[in-house]
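For reference, query28.txt (compact mmCIF, C-alpha atoms):
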```txt
# COMPACT_ATOMS: atom_id res chain seq x y z
CA MET A 1196 116.88 96.42 120.90
CA VAL A 1197 113.73 98.45 120.81
CA LYS A 1198 114.71 101.13 123.26
CA LYS A 1199 116.59 104.30 122.53
CA LEU A 1200 118.69 105.76 119.76
CA ARG A 1201 122.10 104.25 119.32
CA PHE A 1202 125.32 105.51 117.82
CA GLY A 1203 124.81 103.43 114.67
CA ASP A 1204 121.53 105.20 113.92
CA LEU A 1205 123.33 108.51 113.65
CA LEU A 1206 126.02 106.91 111.52
CA ILE A 1207 123.44 105.44 109.16
CA PHE A 1208 121.63 108.77 108.94
CA LEU A 1209 124.85 110.60 108.11
CA LEU A 1210 125.95 107.96 105.62
CA PHE A 1211 122.68 108.14 103.71
CA ALA A 1212 122.67 111.94 103.83
CA LEU A 1213 126.18 111.88 102.40
CA ILE A 1214 125.13 109.54 99.59
CA GLY A 1215 122.18 111.81 98.78
CA LEU A 1216 124.38 114.89 98.83
CA SER A 1217 127.02 113.37 96.57
CA VAL A 1218 124.42 112.28 94.04
CA PHE A 1219 122.99 115.80 94.22
CA LEU A 1220 126.40 117.33 93.53
CA PHE A 1221 126.97 114.82 90.75
CA ASN A 1222 123.66 115.87 89.21
CA MET A 1223 124.66 119.52 89.39
CA GLY A 1224 127.62 118.69 87.22
CA LEU A 1225 125.50 116.56 84.94
CA PHE A 1226 122.66 118.96 84.39
CA ASN A 1227 124.34 122.33 84.35
CA SER A 1228 124.84 122.29 80.61
CA GLU A 1229 122.23 124.48 79.01
CA GLY A 1230 120.26 123.05 76.16
CA ASP A 1231 118.17 124.24 73.28
CA PHE A 1232 116.29 121.04 72.64
CA LEU A 1233 113.65 119.06 74.41
CA GLU A 1234 113.93 115.32 74.24
CA VAL A 1235 110.70 113.36 74.61
CA SER A 1236 110.99 109.67 75.33
CA LYS A 1237 108.50 106.93 75.98
CA ASP A 1238 109.27 103.41 77.16
CA ALA A 1239 112.97 104.23 77.07
CA GLN A 1240 112.79 105.20 73.37
CA VAL A 1241 113.35 108.74 72.17
CA ILE A 1242 110.22 109.64 70.21
CA ALA A 1243 110.73 113.32 69.52
CA ARG A 1244 113.28 116.10 69.72
CA LEU A 1245 111.78 119.56 69.75
CA GLU A 1246 113.36 122.99 69.49
CA LEU A 1247 112.79 125.18 72.53
CA SER A 1248 112.87 128.38 70.48
CA GLU A 1249 109.75 127.33 68.62
CA ASP A 1250 106.40 127.73 70.35
CA GLN A 1251 104.45 124.55 69.85
CA ILE A 1252 102.11 121.96 71.28
CA TYR A 1253 103.10 118.34 70.98
CA SER A 1254 101.14 115.20 71.78
CA THR A 1255 102.62 111.75 72.15
CA PRO A 1256 101.50 109.37 69.36
CA ASP A 1257 99.07 107.57 71.64
CA GLY A 1258 97.59 110.88 72.78
CA GLY A 1259 98.35 110.11 76.40
CA ASN A 1260 100.41 113.20 77.08
CA THR A 1261 100.37 116.70 75.65
CA LEU A 1262 103.11 119.21 76.25
CA GLN A 1263 103.49 122.83 75.42
CA ILE A 1264 106.55 124.90 74.59
CA LYS A 1265 105.98 128.59 75.02
CA ASP A 1266 108.74 131.21 75.16
CA GLY A 1267 111.27 128.47 75.79
CA VAL A 1268 109.36 127.09 78.78
CA VAL A 1269 108.14 123.51 78.66
CA SER A 1270 105.12 122.33 80.56
CA MET A 1271 102.95 119.24 80.44
CA ILE A 1272 99.43 120.51 79.84
CA GLU A 1273 97.54 117.26 79.61
CA ALA A 1274 97.94 113.66 80.71
CA ASP A 1275 95.49 110.79 80.84
CA CYS A 1276 97.04 109.28 83.96
CA PRO A 1277 95.16 109.40 87.27
CA ASP A 1278 97.79 111.09 89.42
CA GLN A 1279 98.46 114.13 87.16
CA LEU A 1280 101.80 114.63 88.83
CA CYS A 1281 103.54 115.52 85.56
CA VAL A 1282 101.00 118.25 84.87
CA HIS A 1283 101.76 119.78 88.26
CA THR A 1284 105.52 119.45 87.90
CA LYS A 1285 107.39 122.72 87.71
CA PRO A 1286 107.74 123.82 84.05
CA LEU A 1287 111.15 123.29 82.48
CA THR A 1288 113.32 126.16 81.37
CA ASN A 1289 116.39 125.77 79.22
CA SER A 1290 118.75 125.08 82.08
CA SER A 1291 117.84 121.91 83.89
CA GLY A 1292 115.40 119.41 85.20
CA SER A 1293 112.96 116.90 83.84
CA ILE A 1294 109.27 116.14 83.73
CA VAL A 1295 108.29 112.53 84.13
CA CYS A 1296 104.94 110.80 83.73
CA LEU A 1297 105.42 107.52 85.50
CA PRO A 1298 102.16 105.77 84.55
CA ASN A 1299 102.82 106.37 80.84
CA ARG A 1300 106.61 106.09 81.09
CA VAL A 1301 107.00 109.41 79.32
CA ALA A 1302 110.02 111.53 80.15
CA LEU A 1303 110.92 115.04 79.03
CA ARG A 1304 114.34 116.48 79.44
CA ILE A 1305 116.39 119.33 78.08
CA ILE A 1306 119.39 118.41 76.02
CA GLY A 1307 122.13 120.50 74.48
CA LYS A 1308 123.47 120.62 70.99
CA ASP A 1309 126.50 118.43 71.71
CA GLU A 1310 124.33 115.73 73.11
CA GLU A 1311 122.25 115.70 69.97
CA GLU A 1312 125.32 115.45 67.80
CA HIS A 1313 126.60 112.76 70.05
CA ILE A 1314 123.43 110.74 69.60
CA ASP A 1315 123.49 111.32 65.85
CA ALA A 1316 127.04 110.08 65.72
CA ILE A 1317 125.96 106.83 67.31
CA THR A 1318 123.08 106.21 64.94
CA GLU A 1319 125.17 106.79 61.85
CA MET B 310 95.30 72.21 122.67
CA PRO B 311 98.98 71.21 122.48
CA SER B 312 101.17 74.22 122.96
CA GLN B 313 102.92 73.79 119.63
CA ASN B 314 99.65 74.08 117.74
CA LYS B 315 98.71 77.01 119.86
CA SER B 316 101.94 78.80 119.05
CA LYS B 317 101.44 78.13 115.33
CA LEU B 318 97.95 79.52 115.58
CA ILE B 319 99.16 82.63 117.32
CA ARG B 320 101.85 83.19 114.69
CA LEU B 321 99.32 82.74 111.91
CA THR B 322 96.87 85.10 113.55
CA THR B 323 99.60 87.67 114.08
CA MET B 324 100.59 87.40 110.43
CA ALA B 325 97.01 87.85 109.29
CA LEU B 326 96.66 90.90 111.51
CA LEU B 327 99.88 92.42 110.20
CA VAL B 328 98.83 91.81 106.58
CA SER B 329 95.45 93.42 107.02
CA MET B 330 96.77 96.40 108.97
CA SER B 331 99.57 97.04 106.51
CA ALA B 332 97.24 96.67 103.51
CA VAL B 333 94.81 99.19 104.94
CA LEU B 334 97.52 101.72 105.80
CA SER B 335 99.23 101.19 102.47
CA TYR B 336 95.99 102.05 100.72
CA TYR B 337 94.93 104.97 102.86
CA GLU B 338 98.29 106.68 103.13
CA ARG B 339 97.90 107.93 99.58
CA PHE B 340 95.27 110.33 100.91
CA ILE B 341 97.78 111.88 103.26
CA PRO B 342 99.53 114.56 101.24
CA VAL B 343 103.29 114.66 101.70
CA ILE B 344 105.05 116.48 98.89
CA ASN B 345 104.26 116.56 95.23
CA VAL B 346 107.05 114.29 94.08
CA PRO B 347 106.23 110.96 92.46
CA GLY B 348 107.30 108.04 94.61
CA VAL B 349 107.46 109.92 97.89
CA LYS B 350 105.15 108.53 100.51
CA LEU B 351 105.15 107.97 104.23
CA GLY B 352 105.64 104.22 104.06
CA LEU B 353 103.28 103.50 106.94
CA ALA B 354 103.01 99.89 105.82
CA ASN B 355 106.66 99.49 106.69
CA ILE B 356 105.67 99.70 110.37
CA PHE B 357 104.22 96.23 109.99
CA THR B 358 107.03 94.81 107.90
CA LEU B 359 109.36 95.96 110.64
CA MET B 360 107.18 94.47 113.35
CA ALA B 361 107.04 91.20 111.46
CA LEU B 362 110.83 91.15 111.29
CA MET B 363 111.08 91.80 115.02
CA LEU B 364 108.28 89.55 116.24
CA LEU B 365 108.39 86.73 113.69
CA SER B 366 111.05 85.73 111.19
CA TRP B 367 112.24 87.08 107.85
CA LYS B 368 110.32 84.38 106.00
CA GLU B 369 107.08 85.38 107.60
CA ALA B 370 107.91 89.04 107.07
CA LEU B 371 108.47 88.27 103.39
CA LEU B 372 105.10 86.54 103.14
CA ILE B 373 103.39 89.46 104.84
CA LEU B 374 105.10 91.90 102.52
CA LEU B 375 104.17 89.97 99.37
CA ALA B 376 100.58 89.51 100.51
CA ARG B 377 100.26 93.22 101.23
CA VAL B 378 101.88 94.38 97.97
CA PHE B 379 99.76 92.08 95.81
CA LEU B 380 96.53 92.80 97.68
CA VAL B 381 96.90 96.55 97.45
CA SER B 382 98.02 96.42 93.81
CA PHE B 383 95.10 94.23 92.80
CA PHE B 384 92.55 96.35 94.54
CA ALA B 385 93.86 99.81 93.93
CA GLY B 386 96.96 99.81 91.80
CA SER B 387 98.43 99.37 88.39
CA PRO B 388 100.92 96.82 87.03
CA ILE B 389 103.57 99.53 87.02
CA GLY B 390 102.70 100.40 90.59
CA LEU B 391 103.08 96.76 91.51
CA LEU B 392 106.55 96.72 89.98
CA TYR B 393 107.57 99.77 92.04
CA SER B 394 106.12 98.47 95.30
CA LEU B 395 107.62 95.05 94.80
CA SER B 396 111.11 96.27 93.96
CA GLY B 397 111.10 98.78 96.79
CA GLY B 398 109.55 96.38 99.28
CA LEU B 399 111.91 93.50 98.58
CA MET B 400 115.03 95.69 98.62
CA SER B 401 113.86 97.25 101.85
CA LEU B 402 113.08 93.95 103.57
CA PHE B 403 116.37 92.39 102.52
CA ALA B 404 118.37 95.38 103.73
CA MET B 405 116.52 95.54 107.06
CA TYR B 406 117.07 91.81 107.55
CA LEU B 407 120.80 92.22 106.98
CA ALA B 408 120.93 95.22 109.31
CA LEU B 409 119.16 93.28 112.06
CA LYS B 410 121.32 90.23 111.52
CA PHE B 411 124.74 91.84 111.40
CA VAL B 412 124.67 95.03 113.44
CA PRO B 413 121.81 94.71 115.93
CA ARG B 414 124.01 95.91 118.80
CA TYR B 415 124.80 99.22 117.24
CA ILE B 416 121.46 100.33 115.90
CA SER B 417 117.99 100.81 117.28
CA ILE B 418 114.75 100.20 115.45
CA ILE B 419 115.05 103.71 114.01
CA GLY B 420 118.29 102.75 112.31
CA VAL B 421 116.70 99.61 110.87
CA SER B 422 113.77 101.68 109.63
CA LEU B 423 116.16 104.20 108.05
CA VAL B 424 117.94 101.39 106.23
CA GLY B 425 114.58 100.08 105.04
CA ALA B 426 113.36 103.45 103.78
CA PHE B 427 116.65 104.21 102.06
CA PHE B 428 116.79 100.90 100.21
CA HIS B 429 113.09 101.05 99.39
CA ASN B 430 113.60 104.32 97.57
CA THR B 431 116.85 103.11 96.04
CA GLY B 432 115.08 100.07 94.61
CA GLN B 433 112.29 102.22 93.21
CA CYS B 434 114.78 104.60 91.68
CA MET B 435 116.53 101.71 89.97
CA VAL B 436 113.24 100.50 88.49
CA LEU B 437 112.47 104.07 87.42
CA GLY B 438 115.81 104.20 85.62
CA LEU B 439 115.14 100.87 83.93
CA LEU B 440 111.61 101.79 82.86
CA LEU B 441 112.52 105.21 81.54
CA GLY B 442 115.83 104.03 80.14
CA SER B 443 117.44 107.17 81.47
CA TRP B 444 119.77 107.03 84.43
CA GLN B 445 120.07 110.79 84.37
CA ILE B 446 116.41 111.31 85.19
CA ALA B 447 116.46 108.58 87.82
CA LEU B 448 119.55 110.11 89.41
CA GLY B 449 117.88 113.51 89.22
CA TYR B 450 115.14 112.21 91.50
CA TYR B 451 117.45 110.31 93.77
CA PRO B 452 118.53 113.08 96.18
CA ILE B 453 114.90 114.04 96.85
CA LEU B 454 114.08 110.40 97.47
CA VAL B 455 117.03 110.05 99.87
CA VAL B 456 115.96 113.11 101.85
CA ALA B 457 112.42 111.74 101.95
CA ALA B 458 113.73 108.37 103.12
CA LEU B 459 115.65 110.02 105.96
CA ALA B 460 112.53 111.81 107.13
CA THR B 461 110.01 109.00 106.72
CA GLY B 462 112.47 106.34 107.91
CA SER B 463 113.02 108.17 111.19
CA LEU B 464 109.30 108.74 111.65
CA ILE B 465 108.36 105.14 110.90
CA GLY B 466 111.14 103.85 113.15
CA TYR B 467 109.94 106.06 115.98
CA ILE B 468 106.34 104.89 115.57
CA THR B 469 107.39 101.25 115.37
CA SER B 470 109.54 101.45 118.49
CA HIS B 471 106.58 102.76 120.46
CA PHE B 472 104.32 100.16 118.92
CA LEU B 473 106.70 97.36 119.85
CA ASN B 474 107.22 98.72 123.36
CA HIS B 475 103.51 98.67 123.87
CA ILE B 476 103.08 95.20 122.42
CA GLN B 477 105.83 93.80 124.60
CA SER B 478 103.93 94.81 127.69
CA VAL B 479 100.98 92.72 126.50
CA PRO B 480 101.17 88.96 126.96
CA LEU B 481 101.14 87.56 123.44
CA GLY B 482 101.40 83.91 124.30
CA PRO B 483 103.92 81.35 123.12
CA GLY B 484 105.53 81.52 119.71
CA LEU B 485 106.33 85.20 119.62
CA SER B 486 109.65 86.57 120.66
```

As a first step, turn the structure in this file into structure tokens.
Amino acid sequence: MVKKLRFGDLLIFLLFALIGLSVFLFNMGLFNSEGDFLEVSKDAQVIARLELSEDQIYSTPDGGNTLQIKDGVVSMIEADCPDQLCVHTKPLTNSSGSIVCLPNRVALRIIGKDEEEHIDAITE
Amino acid sequence: MPSQNKSKLIRLTTMALLVSMSAVLSYYERFIPVINVPGVKLGLANIFTLMALMLLSWKEALLILLARVFLVSFFAGSPIGLLYSLSGGLMSLFAMYLALKFVPRYISIIGVSLVGAFFHNTGQCMVLGLLLGSWQIALGYYPILVVAALATGSLIGYITSHFLNHIQSVPLGPGLS
């Protein structure tokens, strides 16, 4: 049992790689829509929707996270969490991606116009 | 000493050793930089979960896992961190147990470790999705986590197989398979 590599190992490796690849391709389809808005959510609730065309600095209500929009590029400039991973995350442009602060459960993502209308339609 | 008591003692001592070793590695591995993605780590503690599964039983492996997760979270973690470790750890242990139970002939310890790493990250990703309330963001992280699981799973499996090979050449006494 302990000894050398078996056929199943390779199969498992390929299966997992395939799953990862298909999720990646699925994401490409999901995220390729360009957006003009930044959605800020905390604890699974949307707390702000900001326009990318407007240069601004926004802090979450509890002051835990501060983000900056400058020339359409979003970056987290301050966070009170110990790991600071969100601050070091690659800044967002208007095409894709997300910035997540796990300790504070804050998530930033770019959304398009349709998505905003879609959400508005639900709340009405 | 009757041999049954002795075997119990040896199992208990082995469990204690595995808990302490996995707790220490689980704590110190955060100082080993991997890549700057939240949730990606080497998973060195999984070496001992795997060893527990091979040497003892799934029940004892579960106890070792729970003890390690709670110890490390109490000493050096956060409640959210506990939630991630627990979800990942339990998913991983369950999946490795099933892999060992149903297809042991076709996979080596590296395959079992791969299954563990994959389901560990899958479990964490599910909790991430639940906590953030956004499946899109969780799915966005998922491919990176899968690639990381493939790399760390292979590495951990390789280390564990050597570890076990070495241990099996040492007389452990009754009670350990």

If you count all atoms listed in the file, which residues fall within 10 Å of Tyr406 of chain B, apart from same-chain ones fewer than 2 positions away, as a list in words?
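Contacts, with the query itself left out: Leu359, Leu362, Met363, Ser366, Trp367, Ala370, Met400, Ser401, Leu402, Phe403, Ala404, Ala408, Leu409, Lys410, Phe411, Val421, Val424 and Gly425 of chain B.
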
Restricting the output to C-alpha atoms, write the selected residues as an mmCIF file, keeping the file's coordinate frame.
```cif
data_model
loop_
_atom_site.group_PDB
_atom_site.id
_atom_site.type_symbol
_atom_site.label_atom_id
_atom_site.label_comp_id
_atom_site.auth_asym_id
_atom_site.auth_seq_id
_atom_site.Cartn_x
_atom_site.Cartn_y
_atom_site.Cartn_z
ATOM 1 C CA LEU B 359 109.360 95.960 110.640
ATOM 2 C CA LEU B 362 110.830 91.150 111.290
ATOM 3 C CA MET B 363 111.080 91.800 115.020
ATOM 4 C CA SER B 366 111.050 85.730 111.190
ATOM 5 C CA TRP B 367 112.240 87.080 107.850
ATOM 6 C CA ALA B 370 107.910 89.040 107.070
ATOM 7 C CA MET B 400 115.030 95.690 98.620
ATOM 8 C CA SER B 401 113.860 97.250 101.850
ATOM 9 C CA LEU B 402 113.080 93.950 103.570
ATOM 10 C CA PHE B 403 116.370 92.390 102.520
ATOM 11 C CA ALA B 404 118.370 95.380 103.730
ATOM 12 C CA ALA B 408 120.930 95.220 109.310
ATOM 13 C CA LEU B 409 119.160 93.280 112.060
ATOM 14 C CA LYS B 410 121.320 90.230 111.520
ATOM 15 C CA PHE B 411 124.740 91.840 111.400
ATOM 16 C CA VAL B 421 116.700 99.610 110.870
ATOM 17 C CA VAL B 424 117.940 101.390 106.230
ATOM 18 C CA GLY B 425 114.580 100.080 105.040
#
```

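In this model, the gap between atom CA of Ser335 of chain B and atom CA of Gly352 of chain B comes to 7.3 Å.
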
What's around segment 452-466 of chain B at 8 Å? Count all atoms listed in the file, leave out sequence neighbours fewer than 6 positions away in its own chain, and write the answer as a count of residues only.
27

Taking all atoms listed in the file into account, name the residue in B:Ser396, B:Thr358, B:Ser443, B:Ser478 that is nearest to chain A.
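The closest residue to chain A is B:Ser443.
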
Return as a PyMOL selection string the residues belonging to chain A that are within 9 Å of chain B, counting all atoms listed in the file.
chain A and resi 1196-1208+1211-1212+1214-1219+1221-1222+1225-1226+1236-1240+1278+1280-1281+1283-1284+1292-1298+1300-1302+1304

Please, what is the axis-aligned box for every listed atom of segment 1264-1283 of chain A with 8 Å on each side, as centre and edge lengths in Å to one decimal, as AutoDock Vina command-line options?
```
--center_x 103.2 --center_y 120.2 --center_z 82.0 --size_x 32.1 --size_y 37.9 --size_z 30.8
```

Calculate how many Å separate atom CA of Leu374 of chain B from atom CA of Leu321 of chain B, rounding to one decimal.
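Distance reported for this atom pair: 14.3 Å.
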
Provide the atom CA of Gly432 of chain B to atom CA of Tyr393 of chain B distance in Å, to one decimal place.
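That distance, rounded to one decimal, is 7.9 Å.
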
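The smallest atom-to-atom distance between Pro1256 of chain A and any of A:Leu1220, A:Thr1288, A:Ser1270, A:Asn1299, using all atoms listed in the file, is found for A:Asn1299.
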